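What's in input-v1.txt: compact mmCIF, C-alpha atoms and all ligand atoms
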```txt
# COMPACT_ATOMS: atom_id res chain seq x y z
CA MET A 1 -79.04 101.66 109.12
CA THR A 2 -80.62 102.58 105.78
CA LYS A 3 -78.51 103.07 102.69
CA PHE A 4 -78.79 103.90 98.99
CA VAL A 5 -77.24 101.70 96.33
CA VAL A 6 -77.09 103.88 93.24
CA ALA A 7 -76.37 102.34 89.85
CA PRO A 8 -74.88 104.39 87.00
CA ALA A 9 -77.65 106.14 85.06
CA ALA A 10 -77.64 107.73 81.61
CA GLY A 11 -79.78 110.76 82.30
CA VAL A 12 -83.06 112.18 83.51
CA ALA A 13 -86.16 112.91 81.48
CA GLY A 14 -89.52 114.49 82.10
CA ALA A 15 -90.56 116.72 84.97
CA VAL A 16 -90.69 116.73 88.75
CA THR A 17 -92.38 118.70 91.49
CA VAL A 18 -90.21 118.80 94.59
CA PRO A 19 -91.57 118.95 98.17
CA GLY A 20 -92.32 122.24 99.89
CA ASP A 21 -89.70 124.68 101.06
CA LYS A 22 -88.26 123.79 104.46
CA SER A 23 -87.58 127.36 105.59
CA VAL A 24 -91.07 128.53 104.61
CA SER A 25 -92.76 125.48 106.19
CA HIS A 26 -91.07 126.00 109.58
CA ARG A 27 -92.07 129.65 109.60
CA ALA A 28 -95.67 129.00 108.47
CA VAL A 29 -96.30 126.79 111.49
CA MET A 30 -94.49 129.02 113.97
CA PHE A 31 -96.06 132.29 112.84
CA GLY A 32 -99.45 130.59 112.45
CA ALA A 33 -99.17 129.54 116.11
CA LEU A 34 -98.63 133.16 117.15
CA ALA A 35 -101.41 134.57 115.00
CA GLU A 36 -105.03 135.19 115.84
CA GLY A 37 -107.25 132.85 113.88
CA ARG A 38 -106.72 129.74 111.80
CA THR A 39 -103.82 129.48 109.36
CA HIS A 40 -104.24 126.99 106.53
CA VAL A 41 -100.90 125.87 105.09
CA THR A 42 -100.71 124.00 101.79
CA GLY A 43 -97.62 122.48 100.18
CA PHE A 44 -96.16 122.02 103.68
CA LEU A 45 -92.94 119.99 103.76
CA GLU A 46 -93.83 116.82 105.62
CA GLY A 47 -90.16 116.15 106.35
CA GLU A 48 -88.89 115.27 109.81
CA ASP A 49 -87.47 118.77 110.40
CA CYS A 50 -90.76 120.58 109.93
CA LEU A 51 -92.64 117.87 111.81
CA SER A 52 -90.34 118.64 114.77
CA THR A 53 -91.51 122.25 114.60
CA MET A 54 -95.14 121.09 114.46
CA LYS A 55 -94.62 118.86 117.48
CA ALA A 56 -92.94 121.65 119.44
CA VAL A 57 -95.74 124.05 118.67
CA SER A 58 -98.32 121.55 119.90
CA HIS A 59 -96.32 121.04 123.12
CA LEU A 60 -96.65 124.81 123.52
CA GLY A 61 -100.42 124.45 123.60
CA VAL A 62 -101.28 125.12 119.95
CA HIS A 63 -103.75 122.88 118.14
CA VAL A 64 -102.29 121.69 114.82
CA GLU A 65 -103.83 119.22 112.40
CA ARG A 66 -102.80 117.56 109.17
CA PRO A 67 -106.07 117.06 107.31
CA GLY A 68 -104.46 115.96 104.02
CA ALA A 69 -101.17 115.58 102.18
CA GLY A 70 -99.13 118.75 102.54
CA GLU A 71 -101.91 120.44 104.47
CA VAL A 72 -101.60 121.85 107.95
CA ILE A 73 -104.15 123.74 109.98
CA VAL A 74 -102.77 125.85 112.81
CA ASP A 75 -105.18 127.32 115.34
CA GLY A 76 -103.20 130.35 116.45
CA VAL A 77 -103.20 131.29 120.12
CA GLY A 78 -102.02 134.87 119.64
CA LEU A 79 -98.66 136.36 120.56
CA HIS A 80 -99.30 135.85 124.27
CA GLY A 81 -101.16 132.53 124.21
CA LEU A 82 -98.35 129.94 124.30
CA ARG A 83 -98.28 127.60 127.31
CA ALA A 84 -95.33 126.10 129.20
CA PRO A 85 -94.42 122.88 127.33
CA GLY A 86 -93.94 120.64 130.38
CA VAL A 87 -91.43 118.58 128.34
CA THR A 88 -88.02 119.20 126.83
CA LEU A 89 -88.57 120.31 123.24
CA ASP A 90 -86.77 118.00 120.80
CA MET A 91 -85.84 119.69 117.53
CA GLY A 92 -84.48 116.50 115.94
CA ASN A 93 -82.05 117.36 113.13
CA ALA A 94 -83.46 120.87 112.60
CA GLY A 95 -81.06 123.75 113.25
CA THR A 96 -83.59 126.22 111.90
CA ALA A 97 -86.23 125.08 114.39
CA MET A 98 -83.83 125.32 117.30
CA ARG A 99 -82.52 128.79 116.51
CA LEU A 100 -85.92 130.27 115.68
CA PHE A 101 -87.46 128.79 118.83
CA MET A 102 -84.59 130.27 120.86
CA GLY A 103 -85.79 133.73 119.78
CA LEU A 104 -89.44 132.99 120.35
CA LEU A 105 -89.05 131.22 123.69
CA SER A 106 -86.74 133.92 125.12
CA ALA A 107 -89.78 136.16 125.19
CA GLN A 108 -92.24 133.81 126.89
CA PRO A 109 -93.36 133.90 130.53
CA PHE A 110 -92.21 130.27 131.11
CA ASP A 111 -88.91 128.36 131.10
CA SER A 112 -88.02 125.95 128.32
CA GLU A 113 -85.28 123.61 127.21
CA LEU A 114 -84.29 122.62 123.66
CA ILE A 115 -82.42 119.51 122.56
CA GLY A 116 -81.86 117.71 119.26
CA ASP A 117 -80.34 114.64 117.63
CA GLU A 118 -76.66 113.75 117.69
CA SER A 119 -75.84 116.14 114.82
CA LEU A 120 -77.80 119.09 116.22
CA MET A 121 -76.29 118.60 119.71
CA ARG A 122 -72.90 119.38 118.13
CA ARG A 123 -73.94 122.59 116.35
CA PRO A 124 -73.14 126.14 117.52
CA MET A 125 -75.98 127.95 119.29
CA GLU A 126 -74.11 130.93 120.79
CA ARG A 127 -74.49 132.80 117.51
CA ALA A 128 -78.22 133.08 118.31
CA ALA A 129 -77.88 133.19 122.13
CA LYS A 130 -75.52 136.20 122.11
CA PRO A 131 -77.79 138.80 120.47
CA LEU A 132 -80.77 137.45 122.41
CA ARG A 133 -78.88 137.99 125.68
CA ALA A 134 -78.16 141.53 124.51
CA MET A 135 -81.96 141.96 124.31
CA GLY A 136 -82.26 140.84 127.94
CA ALA A 137 -82.86 137.11 127.40
CA ARG A 138 -81.54 134.54 129.89
CA ILE A 139 -80.16 131.67 127.84
CA GLU A 140 -77.63 129.00 128.67
CA THR A 141 -75.90 126.66 126.28
CA ARG A 142 -73.46 123.84 127.09
CA ASP A 143 -70.08 124.87 125.70
CA GLY A 144 -71.97 126.88 123.09
CA LYS A 145 -74.07 123.88 122.02
CA PRO A 146 -77.43 122.38 123.00
CA PRO A 147 -79.09 121.69 125.35
CA VAL A 148 -80.29 125.28 125.34
CA ARG A 149 -81.98 126.39 128.54
CA ILE A 150 -84.15 129.48 128.40
CA GLN A 151 -85.47 131.27 131.45
CA GLY A 152 -88.85 132.84 130.92
CA GLY A 153 -90.49 135.92 132.35
CA VAL A 154 -87.75 138.39 131.49
CA PRO A 155 -88.55 141.60 129.63
CA LEU A 156 -86.79 142.09 126.30
CA HIS A 157 -85.71 145.32 124.66
CA GLY A 158 -84.90 146.05 121.04
CA ILE A 159 -81.29 146.16 119.89
CA ARG A 160 -79.39 147.14 116.79
CA TYR A 161 -77.44 143.99 115.99
CA GLU A 162 -74.67 143.78 113.45
CA MET A 163 -74.42 140.07 112.63
CA PRO A 164 -70.85 138.76 112.43
CA VAL A 165 -71.95 135.85 110.18
CA ALA A 166 -74.53 136.02 107.41
CA SER A 167 -77.24 133.81 108.94
CA ALA A 168 -80.97 133.92 108.26
CA GLN A 169 -81.51 131.73 111.30
CA VAL A 170 -79.84 134.22 113.63
CA LYS A 171 -81.61 137.15 111.95
CA SER A 172 -84.93 135.35 112.38
CA ALA A 173 -84.27 134.48 116.04
CA VAL A 174 -83.62 138.15 116.80
CA LEU A 175 -86.68 139.31 114.83
CA LEU A 176 -88.90 136.75 116.62
CA ALA A 177 -87.69 138.06 119.99
CA GLY A 178 -88.28 141.54 118.58
CA LEU A 179 -92.00 140.73 118.28
CA TYR A 180 -92.03 141.01 122.09
CA ALA A 181 -89.37 143.66 122.72
CA THR A 182 -89.79 147.27 123.69
CA GLY A 183 -88.49 149.74 121.10
CA THR A 184 -87.09 148.88 117.69
CA THR A 185 -85.24 145.67 116.86
CA THR A 186 -82.77 146.02 114.00
CA VAL A 187 -80.55 143.41 112.38
CA ILE A 188 -77.75 144.39 110.03
CA GLU A 189 -76.62 141.63 107.68
CA PRO A 190 -73.02 141.38 106.46
CA ALA A 191 -74.45 139.84 103.25
CA VAL A 192 -77.97 139.25 102.03
CA THR A 193 -79.56 136.08 103.48
CA ARG A 194 -82.92 134.45 102.86
CA ASP A 195 -85.73 136.80 103.79
CA HIS A 196 -88.67 134.44 104.36
CA THR A 197 -89.17 135.71 107.91
CA GLU A 198 -89.48 139.31 106.75
CA ARG A 199 -91.86 138.40 103.94
CA MET A 200 -94.04 136.08 105.98
CA LEU A 201 -94.31 138.43 108.96
CA GLN A 202 -95.69 140.97 106.52
CA SER A 203 -98.23 138.41 105.28
CA PHE A 204 -99.32 138.04 108.91
CA GLY A 205 -99.77 141.82 109.14
CA CYS A 206 -96.56 142.82 110.94
CA GLU A 207 -94.76 145.77 109.44
CA VAL A 208 -91.11 144.94 108.71
CA ARG A 209 -88.73 147.44 107.13
CA ALA A 210 -85.94 145.90 105.06
CA ARG A 211 -83.48 147.85 102.94
CA ASP A 212 -79.85 147.39 101.97
CA GLY A 213 -79.28 144.61 104.48
CA VAL A 214 -80.89 146.46 107.41
CA VAL A 215 -84.06 144.88 108.79
CA SER A 216 -86.19 146.50 111.52
CA LEU A 217 -89.45 145.92 113.28
CA GLU A 218 -91.38 146.98 116.35
CA ALA A 219 -93.52 144.63 118.43
CA PRO A 220 -96.90 144.41 116.69
CA ARG A 221 -100.16 144.39 118.63
CA SER A 222 -101.04 141.07 116.98
CA LEU A 223 -100.40 138.80 114.00
CA GLN A 224 -103.39 137.87 111.86
CA ALA A 225 -103.84 134.38 110.41
CA THR A 226 -103.43 134.10 106.66
CA PRO A 227 -103.34 131.19 104.20
CA ILE A 228 -99.81 130.12 103.27
CA ARG A 229 -99.04 128.25 100.06
CA VAL A 230 -95.50 126.86 100.33
CA PRO A 231 -93.43 126.87 97.12
CA GLY A 232 -91.23 123.94 96.11
CA ASP A 233 -87.86 124.01 97.84
CA ILE A 234 -85.10 125.25 95.53
CA SER A 235 -82.64 123.45 97.82
CA SER A 236 -84.34 120.16 96.89
CA ALA A 237 -84.72 121.23 93.26
CA ALA A 238 -80.93 121.77 93.19
CA PHE A 239 -80.26 118.01 92.95
CA PHE A 240 -82.49 117.75 89.89
CA LEU A 241 -81.04 120.93 88.39
CA VAL A 242 -77.61 119.36 88.54
CA ALA A 243 -78.90 115.99 87.28
CA ALA A 244 -80.57 117.66 84.30
CA CYS A 245 -77.44 119.69 83.46
CA LEU A 246 -75.43 116.47 83.49
CA GLY A 247 -77.76 114.33 81.48
CA ALA A 248 -81.19 115.43 80.32
CA GLN A 249 -82.28 114.04 76.98
CA ALA A 250 -84.62 116.96 76.35
CA PRO A 251 -85.73 119.96 78.40
CA PHE A 252 -86.28 118.78 81.94
CA THR A 253 -88.77 120.76 84.04
CA ILE A 254 -88.92 121.35 87.77
CA ARG A 255 -92.31 122.82 88.55
CA ASP A 256 -93.48 125.32 91.17
CA VAL A 257 -90.06 126.18 92.60
CA GLY A 258 -89.66 129.09 95.02
CA VAL A 259 -87.40 131.59 93.28
CA ASN A 260 -87.12 134.22 95.99
CA PRO A 261 -84.00 136.17 94.91
CA THR A 262 -82.37 135.48 98.29
CA ARG A 263 -82.39 131.77 97.37
CA THR A 264 -81.42 131.65 93.70
CA GLY A 265 -77.63 131.62 94.05
CA ILE A 266 -77.55 128.07 92.67
CA LEU A 267 -79.13 129.25 89.41
CA GLU A 268 -76.48 131.94 89.02
CA MET A 269 -73.66 129.55 89.89
CA LEU A 270 -74.80 126.91 87.41
CA ALA A 271 -75.34 129.58 84.73
CA LEU A 272 -71.75 130.73 85.31
CA MET A 273 -70.70 127.14 84.64
CA GLY A 274 -72.53 127.14 81.32
CA ALA A 275 -75.89 125.62 82.36
CA ASP A 276 -78.89 126.30 80.14
CA LEU A 277 -81.65 127.24 82.61
CA ARG A 278 -84.87 129.07 81.87
CA LEU A 279 -87.43 130.32 84.35
CA VAL A 280 -90.95 130.24 82.97
CA ASN A 281 -94.48 130.62 84.28
CA HIS A 282 -93.58 133.24 86.91
CA ARG A 283 -96.16 133.90 89.61
CA ASN A 284 -96.40 134.85 93.28
CA TRP A 285 -97.69 132.62 96.05
CA GLY A 286 -98.42 135.19 98.71
CA MET A 287 -95.19 137.11 99.20
CA GLU A 288 -93.00 134.41 97.61
CA PRO A 289 -92.15 134.33 93.88
CA VAL A 290 -92.54 130.97 92.15
CA ALA A 291 -91.57 129.69 88.68
CA ASP A 292 -91.03 126.52 86.70
CA ILE A 293 -87.40 125.89 85.81
CA GLU A 294 -86.55 124.33 82.44
CA VAL A 295 -83.11 122.79 82.09
CA ARG A 296 -81.49 121.76 78.84
CA PRO A 297 -78.40 119.57 78.79
CA SER A 298 -75.10 121.41 78.56
CA GLN A 299 -71.42 120.75 78.98
CA LEU A 300 -70.63 122.40 82.31
CA ARG A 301 -67.34 124.25 82.70
CA GLY A 302 -65.54 124.89 85.97
CA ALA A 303 -65.87 128.40 87.40
CA ARG A 304 -64.63 130.65 90.17
CA ILE A 305 -67.73 130.96 92.37
CA PRO A 306 -68.23 134.59 93.48
CA GLU A 307 -68.29 134.82 97.28
CA ARG A 308 -71.35 137.09 97.21
CA LEU A 309 -73.38 134.07 96.01
CA VAL A 310 -72.42 131.88 98.97
CA PRO A 311 -75.22 132.90 101.41
CA LEU A 312 -77.72 132.80 98.52
CA ALA A 313 -76.98 129.11 97.95
CA ILE A 314 -75.60 127.94 101.29
CA ASP A 315 -77.49 124.63 101.28
CA GLU A 316 -76.78 123.86 97.63
CA PHE A 317 -73.01 123.38 97.81
CA PRO A 318 -73.07 119.57 98.05
CA ALA A 319 -75.01 119.51 94.74
CA LEU A 320 -72.78 122.21 93.24
CA PHE A 321 -69.62 120.28 94.20
CA VAL A 322 -70.92 117.25 92.30
CA ALA A 323 -71.67 119.48 89.28
CA ALA A 324 -68.11 120.80 89.55
CA ALA A 325 -66.69 117.26 89.64
CA CYS A 326 -68.51 116.56 86.35
CA ALA A 327 -67.60 119.90 84.70
CA THR A 328 -64.53 120.42 82.56
CA GLY A 329 -61.72 122.30 84.29
CA GLU A 330 -61.37 123.76 87.74
CA THR A 331 -64.02 125.11 90.09
CA LEU A 332 -62.99 127.20 93.06
CA VAL A 333 -65.28 127.83 96.04
CA THR A 334 -64.09 130.15 98.81
CA GLY A 335 -65.79 132.21 101.53
CA ALA A 336 -67.96 129.22 102.45
CA GLU A 337 -66.65 128.33 105.95
CA GLU A 338 -70.28 128.17 107.12
CA LEU A 339 -70.44 124.80 105.34
CA ARG A 340 -68.41 123.42 108.23
CA VAL A 341 -71.24 123.96 110.76
CA LYS A 342 -74.21 122.55 108.85
CA GLU A 343 -75.78 119.14 109.55
CA SER A 344 -72.20 117.89 109.09
CA ASP A 345 -68.92 119.55 108.14
CA ARG A 346 -69.90 119.59 104.47
CA ILE A 347 -66.45 120.50 103.17
CA ALA A 348 -64.95 117.48 104.94
CA ALA A 349 -67.88 115.24 103.97
CA MET A 350 -67.66 116.12 100.26
CA ALA A 351 -63.88 115.66 100.35
CA ARG A 352 -64.25 112.17 101.85
CA GLY A 353 -66.74 111.24 99.13
CA PHE A 354 -64.51 112.66 96.39
CA GLU A 355 -61.62 110.56 97.68
CA VAL A 356 -63.76 107.44 97.27
CA LEU A 357 -64.91 108.39 93.75
CA GLY A 358 -61.47 109.52 92.60
CA VAL A 359 -62.32 113.21 92.09
CA THR A 360 -59.22 115.40 92.32
CA HIS A 361 -59.77 118.19 94.82
CA GLU A 362 -58.02 120.39 97.35
CA VAL A 363 -59.68 121.15 100.66
CA LEU A 364 -59.50 124.80 101.72
CA PRO A 365 -60.44 126.13 105.16
CA ASP A 366 -63.38 127.97 103.58
CA GLY A 367 -64.17 125.94 100.49
CA MET A 368 -62.67 123.62 97.91
CA ARG A 369 -60.79 123.55 94.63
CA ILE A 370 -62.26 120.83 92.41
CA GLN A 371 -60.67 119.46 89.27
CA GLY A 372 -63.58 118.29 87.14
CA GLY A 373 -63.95 116.22 84.04
CA GLN A 374 -61.96 113.15 85.18
CA PRO A 375 -63.64 109.74 85.20
CA ILE A 376 -65.75 109.17 88.33
CA GLY A 377 -65.61 105.75 89.95
CA GLY A 378 -67.92 103.99 92.38
CA GLY A 379 -67.49 102.92 95.99
CA THR A 380 -68.96 103.33 99.45
CA ILE A 381 -69.54 106.81 100.88
CA ASP A 382 -70.71 107.43 104.44
CA SER A 383 -73.10 110.40 104.47
CA ARG A 384 -72.91 110.34 108.29
CA GLY A 385 -76.57 111.24 108.47
CA ASP A 386 -76.33 114.43 106.40
CA HIS A 387 -79.32 114.45 104.02
CA ARG A 388 -77.80 116.77 101.43
CA ILE A 389 -74.51 114.85 101.27
CA ALA A 390 -76.47 111.66 100.57
CA MET A 391 -78.62 113.22 97.83
CA ALA A 392 -75.70 115.01 96.18
CA PHE A 393 -73.67 111.83 95.79
CA ALA A 394 -76.71 110.03 94.35
CA MET A 395 -76.50 112.53 91.45
CA ALA A 396 -72.88 111.57 90.78
CA SER A 397 -74.30 108.29 89.40
CA LEU A 398 -75.01 110.17 86.17
CA ARG A 399 -71.27 110.16 85.49
CA ALA A 400 -70.02 107.26 87.59
CA THR A 401 -68.64 104.10 86.01
CA ALA A 402 -69.66 101.80 88.89
CA PRO A 403 -72.36 101.70 91.60
CA ILE A 404 -72.13 104.14 94.49
CA GLU A 405 -73.23 102.90 97.90
CA ILE A 406 -74.30 105.74 100.22
CA LEU A 407 -74.58 104.89 103.92
CA ASP A 408 -76.74 106.39 106.69
CA THR A 409 -79.46 107.88 104.49
CA ALA A 410 -82.47 107.94 106.87
CA ASN A 411 -82.11 111.70 107.32
CA VAL A 412 -82.93 112.31 103.66
CA ALA A 413 -86.47 112.30 105.06
CA THR A 414 -85.69 115.46 107.08
CA SER A 415 -85.94 117.61 103.96
CA PHE A 416 -86.94 115.38 101.04
CA PRO A 417 -89.33 112.54 101.84
CA GLY A 418 -89.75 110.33 98.76
CA PHE A 419 -86.47 111.49 97.20
CA ALA A 420 -85.36 108.10 95.84
CA GLU A 421 -88.78 107.30 94.42
CA LEU A 422 -89.03 110.66 92.68
CA ALA A 423 -85.47 110.42 91.34
CA ASN A 424 -86.14 106.91 90.03
CA SER A 425 -89.31 108.09 88.28
CA VAL A 426 -87.19 110.36 86.03
CA GLY A 427 -84.37 107.94 85.26
CA LEU A 428 -82.05 107.50 88.24
CA ASP A 429 -81.51 104.06 89.71
CA ILE A 430 -81.46 104.36 93.49
CA GLY A 431 -82.08 101.23 95.52
CA GLU A 432 -83.08 101.85 99.13
CA ARG A 433 -81.89 99.17 101.55
CA ALA A 434 -82.59 98.79 105.24
C1 LIG A 501 -82.17 128.57 107.06
C2 LIG A 501 -81.02 129.31 107.00
C3 LIG A 501 -79.71 128.73 106.63
C4 LIG A 501 -79.84 127.37 105.97
C5 LIG A 501 -80.84 126.50 106.66
C6 LIG A 501 -82.21 127.14 106.69
C7 LIG A 501 -83.42 129.24 107.47
O1 LIG A 501 -78.92 128.57 107.81
O2 LIG A 501 -78.59 126.72 105.91
O3 LIG A 501 -80.94 125.24 106.01
O4 LIG A 501 -84.52 128.67 107.27
O5 LIG A 501 -83.35 130.36 108.01
P1 LIG A 501 -78.02 129.80 108.40
O6 LIG A 501 -78.91 130.94 108.56
O7 LIG A 501 -77.53 129.32 109.72
O8 LIG A 501 -76.93 129.98 107.39
```

Would you encode the structure as structure tokens?
Ligand code: S3P
Amino acid sequence: MTKFVVAPAAGVAGAVTVPGDKSVSHRAVMFGALAEGRTHVTGFLEGEDCLSTMKAVSHLGVHVERPGAGEVIVDGVGLHGLRAPGVTLDMGNAGTAMRLFMGLLSAQPFDSELIGDESLMRRPMERAAKPLRAMGARIETRDGKPPVRIQGGVPLHGIRYEMPVASAQVKSAVLLAGLYATGTTTVIEPAVTRDHTERMLQSFGCEVRARDGVVSLEAPRSLQATPIRVPGDISSAAFFLVAACLGAQAPFTIRDVGVNPTRTGILEMLALMGADLRLVNHRNWGMEPVADIEVRPSQLRGARIPERLVPLAIDEFPALFVAAACATGETLVTGAEELRVKESDRIAAMARGFEVLGVTHEVLPDGMRIQGGQPIGGGTIDSRGDHRIAMAFAMASLRATAPIEILDTANVATSFPGFAELANSVGLDIGERA
């Protein structure tokens, strides 16, 4: 089992470019598969999660190639060109892939079955199955979890679905099924969630109406291939944002980061804690806004995190919790119960790590109260295969007084291949051991 051995480090210096956005990469391959013509994707995240999506799409009869680093060519087969896979589709660690494929496969003329790794097999799938069944889909889960069995050849009809949880994955599953449904498909969000599906469908020529948390579409006649340039993943940038707040000698720059406003909650949260962040060099890559982020060192202060920011930063809480442990005073996170159903129960996982490092905290059902500014020790933390838990605790080395050993780190490659190497190139000291 691979692990990180992270030695205390003084700070980070220089600049990084983080790998491509995971959410955008999944969608680029999936929508490219459904389009007419050839979609050329650049900046694609070559992490295990998105490779699972690529593999699934090729099992569905779509020719995909990787001609160079970060490049993917998808020869779309059109909305009605997918073929029966003939194998069980393995989504690995990728919840996004599983839930989005549930929507897409519900509308196909063939049966399919979805499985995943140990972590994914424990995650809730009824949240996506329920609205899809309301559209006419025939889906079975096992006690609400994978394997997910989908019966093909059933007609779907549009629904107006009020989501009980703010989930971009569920919204996207319903919209993907809506590409094949009769009538209008509408999703109403309880809070704003990432809107990459809406933006990218428009890039592929499908009209999507989105206003005040209400998203609607009608089945388009076709999707048209379009080049997709994937921005850097702000969820990966988050670890370096926190590192630079804790210990940058001079302005530290993270280049080419996707700054879609449905993803920038981490910037607002860190700013509330006193971080000095500047967005420069704004531009658009297709429908997605991109900028470079400059971070100057600052003394972070604890803050009450507004609940409205939670869905806008849902994957960044492990990094934020580490920032809070290093800030002066108390940080309070509430309204974040969704953290309990990610790749691991991230509230429990962060609490276990904090116990090892001696960070005073109180676990809440929907968040955590963290008492920052105390000395941080070293020790052994089991990430239990959760990539973001592993990377977050690596950043604690900027304040730790002794080495931190982080176990079960292979899944870092699901979202951030080359993480340790990149982190070491700017001043961290992460040893990777088999
Ligand atoms: C994602 C949505 C989020 C996020 C996940 C990626 C997406 O999940 O945690 O990493 O690409 O739509 P939920 O929609 O389930 O909150």

Test item: residues lying within 8 Å of ligand LIG 501 (chain A) with all atoms listed in the file, as a ChimeraX atom specification: /A:22-24,26-27,95-96,166-172,193-194,196-197,311,314-315,338,342

Computed interatomic separation between CA of Ala129 in chain A and CA of Met102 in chain A (Å): 7.4 Å

Env of range 263-275 of chain A: 10 Å cut, atoms = all atoms listed in the file, seq-sep filter 6 positions within chain, self excluded. Answer as number ranges by chain. A: 192-196, 233-235, 237-238, 241-242, 244-246, 293, 295-306, 308-317, 319-320, 323-324, 327-328, 331

Written selection (C-alpha atoms) as an mmCIF file, in the frame of the given file:
```
data_model
loop_
_atom_site.group_PDB
_atom_site.id
_atom_site.type_symbol
_atom_site.label_atom_id
_atom_site.label_comp_id
_atom_site.auth_asym_id
_atom_site.auth_seq_id
_atom_site.Cartn_x
_atom_site.Cartn_y
_atom_site.Cartn_z
ATOM 1 C CA VAL A 192 -77.970 139.250 102.030
ATOM 2 C CA THR A 193 -79.560 136.080 103.480
ATOM 3 C CA ARG A 194 -82.920 134.450 102.860
ATOM 4 C CA ASP A 195 -85.730 136.800 103.790
ATOM 5 C CA HIS A 196 -88.670 134.440 104.360
ATOM 6 C CA ASP A 233 -87.860 124.010 97.840
ATOM 7 C CA ILE A 234 -85.100 125.250 95.530
ATOM 8 C CA SER A 235 -82.640 123.450 97.820
ATOM 9 C CA ALA A 237 -84.720 121.230 93.260
ATOM 10 C CA ALA A 238 -80.930 121.770 93.190
ATOM 11 C CA LEU A 241 -81.040 120.930 88.390
ATOM 12 C CA VAL A 242 -77.610 119.360 88.540
ATOM 13 C CA ALA A 244 -80.570 117.660 84.300
ATOM 14 C CA CYS A 245 -77.440 119.690 83.460
ATOM 15 C CA LEU A 246 -75.430 116.470 83.490
ATOM 16 C CA ILE A 293 -87.400 125.890 85.810
ATOM 17 C CA VAL A 295 -83.110 122.790 82.090
ATOM 18 C CA ARG A 296 -81.490 121.760 78.840
ATOM 19 C CA PRO A 297 -78.400 119.570 78.790
ATOM 20 C CA SER A 298 -75.100 121.410 78.560
ATOM 21 C CA GLN A 299 -71.420 120.750 78.980
ATOM 22 C CA LEU A 300 -70.630 122.400 82.310
ATOM 23 C CA ARG A 301 -67.340 124.250 82.700
ATOM 24 C CA GLY A 302 -65.540 124.890 85.970
ATOM 25 C CA ALA A 303 -65.870 128.400 87.400
ATOM 26 C CA ARG A 304 -64.630 130.650 90.170
ATOM 27 C CA ILE A 305 -67.730 130.960 92.370
ATOM 28 C CA PRO A 306 -68.230 134.590 93.480
ATOM 29 C CA ARG A 308 -71.350 137.090 97.210
ATOM 30 C CA LEU A 309 -73.380 134.070 96.010
ATOM 31 C CA VAL A 310 -72.420 131.880 98.970
ATOM 32 C CA PRO A 311 -75.220 132.900 101.410
ATOM 33 C CA LEU A 312 -77.720 132.800 98.520
ATOM 34 C CA ALA A 313 -76.980 129.110 97.950
ATOM 35 C CA ILE A 314 -75.600 127.940 101.290
ATOM 36 C CA ASP A 315 -77.490 124.630 101.280
ATOM 37 C CA GLU A 316 -76.780 123.860 97.630
ATOM 38 C CA PHE A 317 -73.010 123.380 97.810
ATOM 39 C CA ALA A 319 -75.010 119.510 94.740
ATOM 40 C CA LEU A 320 -72.780 122.210 93.240
ATOM 41 C CA ALA A 323 -71.670 119.480 89.280
ATOM 42 C CA ALA A 324 -68.110 120.800 89.550
ATOM 43 C CA ALA A 327 -67.600 119.900 84.700
ATOM 44 C CA THR A 328 -64.530 120.420 82.560
ATOM 45 C CA THR A 331 -64.020 125.110 90.090
#
```

Between CA of Leu422 in chain A and CA of Gly372 in chain A - distance in Å to one decimal: 27.1 Å

Pairwise distance, CA of Gly11 in chain A with CA of Thr360 in chain A, equals 23.3 Å

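The nearest approach to Pro19 in chain A among the residues A:Gly153, A:Pro365, A:Gly258, A:Gly78, with all atoms listed in the file taken into account, belongs to A:Gly258.
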
With all atoms listed in the file as the atoms that count, which of A:Thr414, A:Asn284, A:Ser106, A:Thr184 lies nearest to Val230 in chain A?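 Closest to Val230 in chain A, using all atoms listed in the file: A:Asn284.
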
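With only C-alpha atoms taken into account, the protein and nucleic acid residues at most 7 Å from Glu189 in chain A (excluding it and anything under 6 positions from it in its own chain) are Glu162, Met163, Ala166, Gly213 and Val214 of chain A.
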
Range 22-132 of chain A near range 12-18 of chain A within 12 Å: what's each residue's closest atom pair and its distance in Å to one decimal, counting all atoms listed in the file, ordered by chain then ascending residue number, as JSON lines?
```
{"residue": "A:Lys22", "atom": "CA", "partner": "A:Val18", "partner_atom": "CA", "distance": 11.2}
{"residue": "A:Gly43", "atom": "CA", "partner": "A:Val18", "partner_atom": "CA", "distance": 10.0}
{"residue": "A:Phe44", "atom": "CA", "partner": "A:Val18", "partner_atom": "CA", "distance": 11.3}
{"residue": "A:Leu45", "atom": "CA", "partner": "A:Val18", "partner_atom": "CA", "distance": 9.6}
{"residue": "A:Glu46", "atom": "CA", "partner": "A:Val18", "partner_atom": "CA", "distance": 11.8}
{"residue": "A:Gly70", "atom": "CA", "partner": "A:Val18", "partner_atom": "CA", "distance": 11.9}
```

At a cut-off of 9 Å from (-90.1, 123.6, 85.2) in the coordinates of the file, what residues are picked up using only C-alpha atoms, written as a list of chain:residue names?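 Returned residue set, sorted by chain then number, is A:Ala15, A:Val16, A:Thr17, A:Pro251, A:Phe252, A:Thr253, A:Ile254, A:Arg255, A:Asp256, A:Val257, A:Arg278, A:Leu279, A:Val280, A:Asn281, A:Ala291, A:Asp292, A:Ile293, A:Glu294, A:Val295.
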
Glu36 in chain A environment, 10 Å, all atoms listed in the file, sequence neighbours closer than 6 positions dropped, as a VMD selection string: chain A and resid 75 to 79 81 204 222 to 226

Range 31-33 of chain A environment, 12 Å, all atoms listed in the file, sequence neighbours closer than 6 positions dropped, as a ChimeraX atom specification: /A:24-25,39-41,53-65,72-83,100-101,104,172,175-176,179,196-206,222-228
